[in-house]
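S.K.: Contents are mmCIF, C-alpha atoms; file name data_3.cif:
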```cif
data_protein
#
loop_
_atom_site.label_atom_id
_atom_site.label_comp_id
_atom_site.auth_asym_id
_atom_site.auth_seq_id
_atom_site.Cartn_x
_atom_site.Cartn_y
_atom_site.Cartn_z
CA MET A 1 124.38 98.47 76.82
CA LEU A 2 123.84 102.20 77.31
CA LEU A 3 127.45 102.81 78.32
CA GLN A 4 128.59 100.94 75.21
CA LYS A 5 126.63 103.47 73.14
CA GLY A 6 128.50 106.31 74.86
CA LEU A 7 125.41 107.49 76.74
CA GLU A 8 125.50 108.84 80.27
CA VAL A 9 123.76 106.50 82.69
CA LYS A 10 122.40 107.45 86.09
CA ASP A 11 121.31 104.35 87.96
CA ARG A 12 118.97 104.74 90.92
CA ASP A 13 117.74 102.17 93.39
CA PHE A 14 114.20 103.28 94.32
CA PHE A 15 114.34 101.15 97.44
CA LYS A 16 117.41 102.89 98.87
CA ASP A 17 116.82 106.33 97.36
CA THR A 18 113.05 106.66 97.25
CA LEU A 19 111.26 108.93 94.82
CA SER A 20 109.75 112.18 96.07
CA GLU A 21 106.14 113.07 95.37
CA THR A 22 107.35 115.64 92.83
CA GLU A 23 109.40 113.00 91.02
CA VAL A 24 106.52 110.50 90.92
CA ARG A 25 104.17 113.17 89.60
CA GLU A 26 106.74 114.15 86.95
CA LEU A 27 107.07 110.52 85.83
CA ALA A 28 103.28 110.18 85.78
CA ALA A 29 103.00 113.33 83.65
CA MET A 30 105.54 111.93 81.18
CA ALA A 31 104.07 108.44 80.76
CA GLY A 32 100.68 108.37 82.49
CA THR A 33 100.07 107.28 86.07
CA GLU A 34 98.55 103.95 85.04
CA ASN A 35 101.63 103.21 82.90
CA ILE A 36 104.13 103.63 85.74
CA PHE A 37 101.96 101.83 88.32
CA ALA A 38 102.78 98.13 88.78
CA ARG A 39 99.24 96.72 88.68
CA ARG A 40 100.44 93.11 88.73
CA SER A 41 102.75 93.59 91.71
CA PRO A 42 102.32 91.09 94.54
CA SER A 43 102.55 94.12 96.85
CA LEU A 44 99.25 95.43 95.48
CA LYS A 45 97.63 92.04 96.06
CA LYS A 46 98.93 91.98 99.64
CA LEU A 47 97.26 95.34 100.21
CA GLY A 48 93.98 93.87 98.93
CA LEU A 49 93.82 96.43 96.12
CA ALA A 50 94.56 94.31 93.05
CA ASP A 51 90.99 94.52 91.72
CA LYS A 52 90.16 97.99 92.99
CA GLU A 53 89.84 100.93 90.64
CA LEU A 54 92.25 103.60 91.83
CA SER A 55 92.48 107.30 91.03
CA ASP A 56 95.75 108.82 89.86
CA ASP A 57 96.26 110.39 93.29
CA GLU A 58 95.63 107.05 95.03
CA MET A 59 98.16 105.31 92.75
CA ILE A 60 100.72 108.06 93.40
CA ASP A 61 100.20 107.79 97.17
CA LEU A 62 100.62 104.02 96.98
CA MET A 63 103.83 104.32 94.92
CA LEU A 64 105.21 106.73 97.51
CA GLN A 65 104.37 104.31 100.33
CA GLU A 66 105.54 101.19 98.51
CA PRO A 67 108.29 101.64 95.87
CA LYS A 68 107.63 98.11 94.55
CA LEU A 69 104.50 99.58 92.97
CA VAL A 70 106.60 101.67 90.56
CA ARG A 71 107.10 99.75 87.31
CA ARG A 72 110.70 99.07 86.40
CA PRO A 73 112.86 99.74 84.65
CA LEU A 74 112.24 103.41 84.02
CA LEU A 75 114.49 104.94 81.41
CA LYS A 76 114.56 108.62 80.45
CA VAL A 77 115.95 109.10 76.97
CA GLY A 78 115.82 112.38 75.10
CA GLY A 79 113.06 113.82 77.27
CA LYS A 80 110.90 110.71 76.92
CA LEU A 81 110.19 108.07 79.53
CA MET A 82 110.34 104.39 78.68
CA VAL A 83 108.57 102.13 81.17
CA GLY A 84 109.36 98.42 81.38
CA GLY A 85 110.52 96.44 78.39
CA GLY A 86 113.63 94.51 77.57
CA ASN A 87 116.73 95.15 75.49
CA ALA A 88 114.77 95.64 72.27
CA ALA A 89 112.68 98.40 73.86
CA VAL A 90 115.81 100.09 75.22
CA GLU A 91 117.48 99.92 71.78
CA ALA A 92 114.37 101.42 70.16
CA ALA A 93 114.26 104.28 72.70
CA ILE A 94 117.94 105.04 72.11
CA ALA A 95 117.52 104.96 68.32
CA GLU A 96 114.48 107.23 68.50
CA ALA A 97 116.32 109.74 70.70
CA GLY A 98 119.03 109.94 68.08
#
```
Transcribe the structure of this file into structure tokens.
M.R.:
Amino acid sequence: MLLQKGLEVKDRDFFKDTLSETEVRELAAMAGTENIFARRSPSLKKLGLADKELSDDEMIDLMLQEPKLVRRPLLKVGGKLMVGGGNAAVEAAIAEAG
């Protein structure tokens, strides 16, 4: 869909090319740590942390250890970060970016 709109797309597999701490902190600054953290991930349940209140630093450390805890998809459009969502959310982000 993005290519059809003539937009440059950079696809990244977080499992093969993991995010650095700097990158995770940048994403957290753009959208909020809680918003990029996959609270409903089975991986969090396996760690026994599903019901635990976590600080931003704890969530960042967990995302660095377990990439499945980063919500997907992440889409940077026009300096903004869109977290999750389907085609309608992507279309809205593209339209807003101009």
S.K.: Of the residues A:Lys10, A:Lys16, A:Arg25, A:Lys45, which is the one nearest to Asp61 in chain A, using all atoms listed in the file?
M.R.: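 Looking at the shortest contact to Asp61 in chain A, the residue is A:Arg25.
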S.K.: Please report, as JSON lines, each residue of range 22-78 of chain A lying at most 10 Å from range 85-93 of chain A, together with the nearest pair of atoms and the separation in Å rounded to one decimal; use only C-alpha atoms, and order rows by chain and ascending residue number.
M.R.:
```
{"residue": "A:Arg72", "atom": "CA", "partner": "A:Gly85", "partner_atom": "CA", "distance": 8.4}
{"residue": "A:Pro73", "atom": "CA", "partner": "A:Gly85", "partner_atom": "CA", "distance": 7.5}
{"residue": "A:Leu74", "atom": "CA", "partner": "A:Gly85", "partner_atom": "CA", "distance": 9.1}
{"residue": "A:Leu75", "atom": "CA", "partner": "A:Val90", "partner_atom": "CA", "distance": 8.0}
{"residue": "A:Lys76", "atom": "CA", "partner": "A:Ala93", "partner_atom": "CA", "distance": 8.9}
{"residue": "A:Val77", "atom": "CA", "partner": "A:Ala93", "partner_atom": "CA", "distance": 6.7}
{"residue": "A:Gly78", "atom": "CA", "partner": "A:Ala93", "partner_atom": "CA", "distance": 8.6}
```
S.K.: If we count all atoms listed in the file and set the cut-off at 8 Å, which residues sit around range 51-59 of chain A, ignoring sequence neighbours fewer than 4 positions away in its own chain? Please answer as a CSV table (one decimal) with C-alpha atoms, in the coordinates of the input.
M.R.:
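Saved file part-v1.csv follows:
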```csv
chain,number,residue,atom,x,y,z
A,33,THR,CA,100.1,107.3,86.1
A,34,GLU,CA,98.6,104.0,85.0
A,37,PHE,CA,102.0,101.8,88.3
A,63,MET,CA,103.8,104.3,94.9
```
S.K.: To one decimal in Å, tell me the separation between CA of Arg40 in chain A and CA of Ser20 in chain A.
M.R.: 22.5 Å
S.K.: Please measure the separation of CA of Leu81 in chain A and CA of Ala50 in chain A, giving the value in Å to one decimal.
M.R.: 24.8 Å
S.K.: Given 3 Å on each side, where is the centre and what are the edge lengths in Å to one decimal of the axis-aligned box enclosing the listed atoms of range 42-55 of chain A, as lines of an AutoDock Vina configuration file?
M.R.:
```
center_x = 96.2
center_y = 99.2
center_z = 95.4
size_x = 18.7
size_y = 22.2
size_z = 15.6
```
S.K.: When you count all atoms listed in the file, which of these residues is closest to Pro67 in chain A: A:Ala31, A:Val24, A:Leu49, A:Ala95?
M.R.: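 Of all the options, A:Val24 lies closest to Pro67 in chain A.
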S.K.: In Å to one decimal, how far is CA of Asp13 in chain A from CA of Ile36 in chain A?
M.R.: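 Answer for the CA of Ile36 in chain A to CA of Asp13 in chain A separation: 15.7 Å.
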